[in-house]
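These notes are about the structure you will find just below.
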Amino acid sequence: MTDEWRGWREAAQAALYGDEGFYRSPSRSPEGPAGHFRTSVHASPLFAAAVARLLTGTARELDTGTVALVDVGAGRGELLTGVLAALPPGLEVTAYAVEVADRPPGLDPRIEWCAEPPAGVTGLLFANEWLDNVPAEVAEVDPDGAPRYVQVRTSDGAERLGEAVGGADAAWLERWWPLTAPGERAEIGRPRDAAWTGAVGSLAAGLAVAVDYAHVRGARPPFGTLTGFRGGREVRPVPDGSCDLTAHVALDACAAAAGHANAELTDQRAALHRLGVGGGRPPLSLAATDPAGYVRALAAAGEAAELTARGGLGDFGWLLHRVGPDGGDRPCAAGQGIAGDRPDAVASGNRG
């Protein structure tokens, strides 16, 4: 990493995905993302089981016994491994792990490893905590009230204000994240919009789902959300390749970019409840008739409660976008998979 001033998008791109970047270099992150932060995938196998039910429902809607499962930002293949183990018999699945790192040893041979989502597949595309790692420019309002790009020094994360924000970036800010007071900051989400539009467009038919830290236009954080993670702890964001760099996602903007009329926004609590993941405790009577079963059910209830907890994983945003079997988009409908909640119900989540 060179010691120079760059915009945050360029700096984060190199720090995360360059040859010596956080997500590419085995020496910097030999454990993969799981060694630095805990996602829903790592919290409980109930999450993978819910995705398996979502995949099964998608196949049923498409009236096919053969579907693709595309995991974008696949880490070390943990989600795909869990989903394949939870699938019911009779459903034929082609699994794709989309990841910039090399294929880990010992991964299930049924999983295809690729750098980009495969084009023209039919099934479920699932992106869990991917969009928050798509680098974006950071803007800050100067003392005169003008939004300017924030430049960062690679070696230590020091910042300074650069040129005024203009063009398409300024238009995006005006529409999705208006800044007015000096010192206010925003992450300009155009690269996330483009990434999500491309992911949805890779499907010939099926369902695309993004799960991430999220906020919507009526509730943007006034100073942005850019931060770093290393070894399970939140750290100052320094784009030197030593830590994860993440910022919450304007999922409403992503939805509009990919076709708002065909998208739904909800939160993880509602989404997982509709997929059969609840936090209810088993009846105490089960302890007398089946003590081992009661202990297992109690553990599962605790895991479900963590996945759906307010103020934690349950607040993650879920963006769902359906693509019709004729190649065109079609709206999500209540009763088909997951019904959507109001977009302003989406809140921010927490790594941990």
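Letters for chains follow the order of the structure tokens (A, B, ...), residue numbers begin at 1 for each chain, and ligand numbers begin at 1 in the order shown.
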Practice item. Pull the strand (DSSP E) assignments for segment 13-224 of chain A out of DSSP run on the backbone, and list those residues as number ranges by chain. Key: A: 66-72, 92-98, 111-114, 121-128, 137-141, 147-153, 159-164, 185-188, 203-212, 214-215
Writing out the chosen residues with C-alpha atoms as a PDB file, in the first residue's frame:
```pdb
ATOM      1  CA  THR A  66     -33.541 -27.848 -10.914  1.00  0.00           C
ATOM      2  CA  VAL A  67     -32.366 -24.463  -9.639  1.00  0.00           C
ATOM      3  CA  ALA A  68     -29.208 -22.450  -9.112  1.00  0.00           C
ATOM      4  CA  LEU A  69     -28.112 -20.999  -5.779  1.00  0.00           C
ATOM      5  CA  VAL A  70     -25.680 -18.088  -6.168  1.00  0.00           C
ATOM      6  CA  ASP A  71     -23.984 -16.828  -2.991  1.00  0.00           C
ATOM      7  CA  VAL A  72     -22.426 -13.417  -3.688  1.00  0.00           C
ATOM      8  CA  GLU A  92     -31.356 -30.552  -7.839  1.00  0.00           C
ATOM      9  CA  VAL A  93     -29.206 -27.509  -7.028  1.00  0.00           C
ATOM     10  CA  THR A  94     -26.206 -26.027  -8.775  1.00  0.00           C
ATOM     11  CA  ALA A  95     -24.352 -23.960  -6.182  1.00  0.00           C
ATOM     12  CA  TYR A  96     -22.101 -21.024  -7.097  1.00  0.00           C
ATOM     13  CA  ALA A  97     -19.794 -19.238  -4.659  1.00  0.00           C
ATOM     14  CA  VAL A  98     -18.934 -15.745  -5.918  1.00  0.00           C
ATOM     15  CA  ILE A 111     -19.930 -25.835  -5.150  1.00  0.00           C
ATOM     16  CA  GLU A 112     -18.587 -23.977  -8.172  1.00  0.00           C
ATOM     17  CA  TRP A 113     -16.157 -21.173  -7.308  1.00  0.00           C
ATOM     18  CA  CYS A 114     -16.269 -18.052  -9.484  1.00  0.00           C
ATOM     19  CA  VAL A 121     -29.197 -18.843 -14.327  1.00  0.00           C
ATOM     20  CA  THR A 122     -32.584 -19.603 -12.802  1.00  0.00           C
ATOM     21  CA  GLY A 123     -33.029 -19.767  -9.051  1.00  0.00           C
ATOM     22  CA  LEU A 124     -31.968 -17.793  -5.980  1.00  0.00           C
ATOM     23  CA  LEU A 125     -29.181 -15.210  -5.775  1.00  0.00           C
ATOM     24  CA  PHE A 126     -28.350 -14.435  -2.149  1.00  0.00           C
ATOM     25  CA  ALA A 127     -25.979 -11.660  -1.056  1.00  0.00           C
ATOM     26  CA  ASN A 128     -25.439 -11.644   2.698  1.00  0.00           C
ATOM     27  CA  GLU A 137     -16.997   7.650  -2.110  1.00  0.00           C
ATOM     28  CA  VAL A 138     -17.464   9.616   1.113  1.00  0.00           C
ATOM     29  CA  ALA A 139     -18.745  13.192   1.009  1.00  0.00           C
ATOM     30  CA  GLU A 140     -18.634  15.841   3.737  1.00  0.00           C
ATOM     31  CA  VAL A 141     -20.157  19.319   3.861  1.00  0.00           C
ATOM     32  CA  PRO A 147     -20.462  18.756  -0.179  1.00  0.00           C
ATOM     33  CA  ARG A 148     -16.885  17.757  -0.972  1.00  0.00           C
ATOM     34  CA  TYR A 149     -15.230  14.399  -1.527  1.00  0.00           C
ATOM     35  CA  VAL A 150     -13.302  13.125   1.473  1.00  0.00           C
ATOM     36  CA  GLN A 151      -9.741  12.050   0.711  1.00  0.00           C
ATOM     37  CA  VAL A 152      -7.937   9.555   2.924  1.00  0.00           C
ATOM     38  CA  ARG A 153      -4.250   8.812   3.494  1.00  0.00           C
ATOM     39  CA  GLU A 159      -8.646  12.567   6.092  1.00  0.00           C
ATOM     40  CA  ARG A 160      -8.933  15.886   4.290  1.00  0.00           C
ATOM     41  CA  LEU A 161     -11.551  17.492   2.047  1.00  0.00           C
ATOM     42  CA  GLY A 162     -10.999  17.371  -1.700  1.00  0.00           C
ATOM     43  CA  GLU A 163     -12.953  18.637  -4.687  1.00  0.00           C
ATOM     44  CA  ALA A 164     -16.626  19.576  -4.643  1.00  0.00           C
ATOM     45  CA  ARG A 185     -21.213  13.126   5.881  1.00  0.00           C
ATOM     46  CA  ALA A 186     -22.590  10.510   3.511  1.00  0.00           C
ATOM     47  CA  GLU A 187     -21.445   7.444   1.632  1.00  0.00           C
ATOM     48  CA  ILE A 188     -22.411   7.942  -2.035  1.00  0.00           C
ATOM     49  CA  LEU A 203     -30.766 -13.969 -13.198  1.00  0.00           C
ATOM     50  CA  ALA A 204     -32.883 -15.295 -16.043  1.00  0.00           C
ATOM     51  CA  ALA A 205     -35.673 -15.992 -13.549  1.00  0.00           C
ATOM     52  CA  GLY A 206     -36.022 -16.331  -9.811  1.00  0.00           C
ATOM     53  CA  LEU A 207     -35.331 -14.233  -6.750  1.00  0.00           C
ATOM     54  CA  ALA A 208     -32.417 -11.977  -5.760  1.00  0.00           C
ATOM     55  CA  VAL A 209     -31.981 -11.141  -2.067  1.00  0.00           C
ATOM     56  CA  ALA A 210     -29.587  -8.680  -0.435  1.00  0.00           C
ATOM     57  CA  VAL A 211     -29.195  -8.806   3.350  1.00  0.00           C
ATOM     58  CA  ASP A 212     -27.215  -6.007   4.931  1.00  0.00           C
ATOM     59  CA  ALA A 214     -29.271  -0.644   5.961  1.00  0.00           C
ATOM     60  CA  HIS A 215     -30.883   2.757   6.235  1.00  0.00           C
TER      61      HIS A 215
END
```
Practice item. Would you list the contacts of segment 40-43 of chain A as a ChimeraX atom specification, taking every protein, DNA or RNA residue within 10 Å and counting only C-alpha atoms, but skipping same-chain residues closer than 5 positions in sequence? Key: /A:34,48,78-80,82,128-129,211,268,303-304,306-308,313-314,316,351-352
Point to revise | Point-to-point distance from atom CA of Gly311 of chain A to atom CA of Arg269 of chain A, Å rounded to tenths | key: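 Taking atom CA of Gly311 of chain A and atom CA of Arg269 of chain A, their separation equals 10.5 Å.
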Practice item. For Asp240 of chain A, please output as a PyMOL selection string all residues within 8 Å (counting only C-alpha atoms; exclusion window: fewer than 5 positions along the same chain). Key: chain A and resi 1+15+21+154-156
Exercise for review: Could you tell me how far atom CA of Ala86 of chain A lies from atom CA of Leu46 of chain A, in Å and to one decimal?
Suggested key: 9.3 Å
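Nearest to Gly183 of chain A of all the residues A:Ala158, A:Ala101, A:Ala146, A:Ala309 is A:Ala146, counting only C-alpha atoms.
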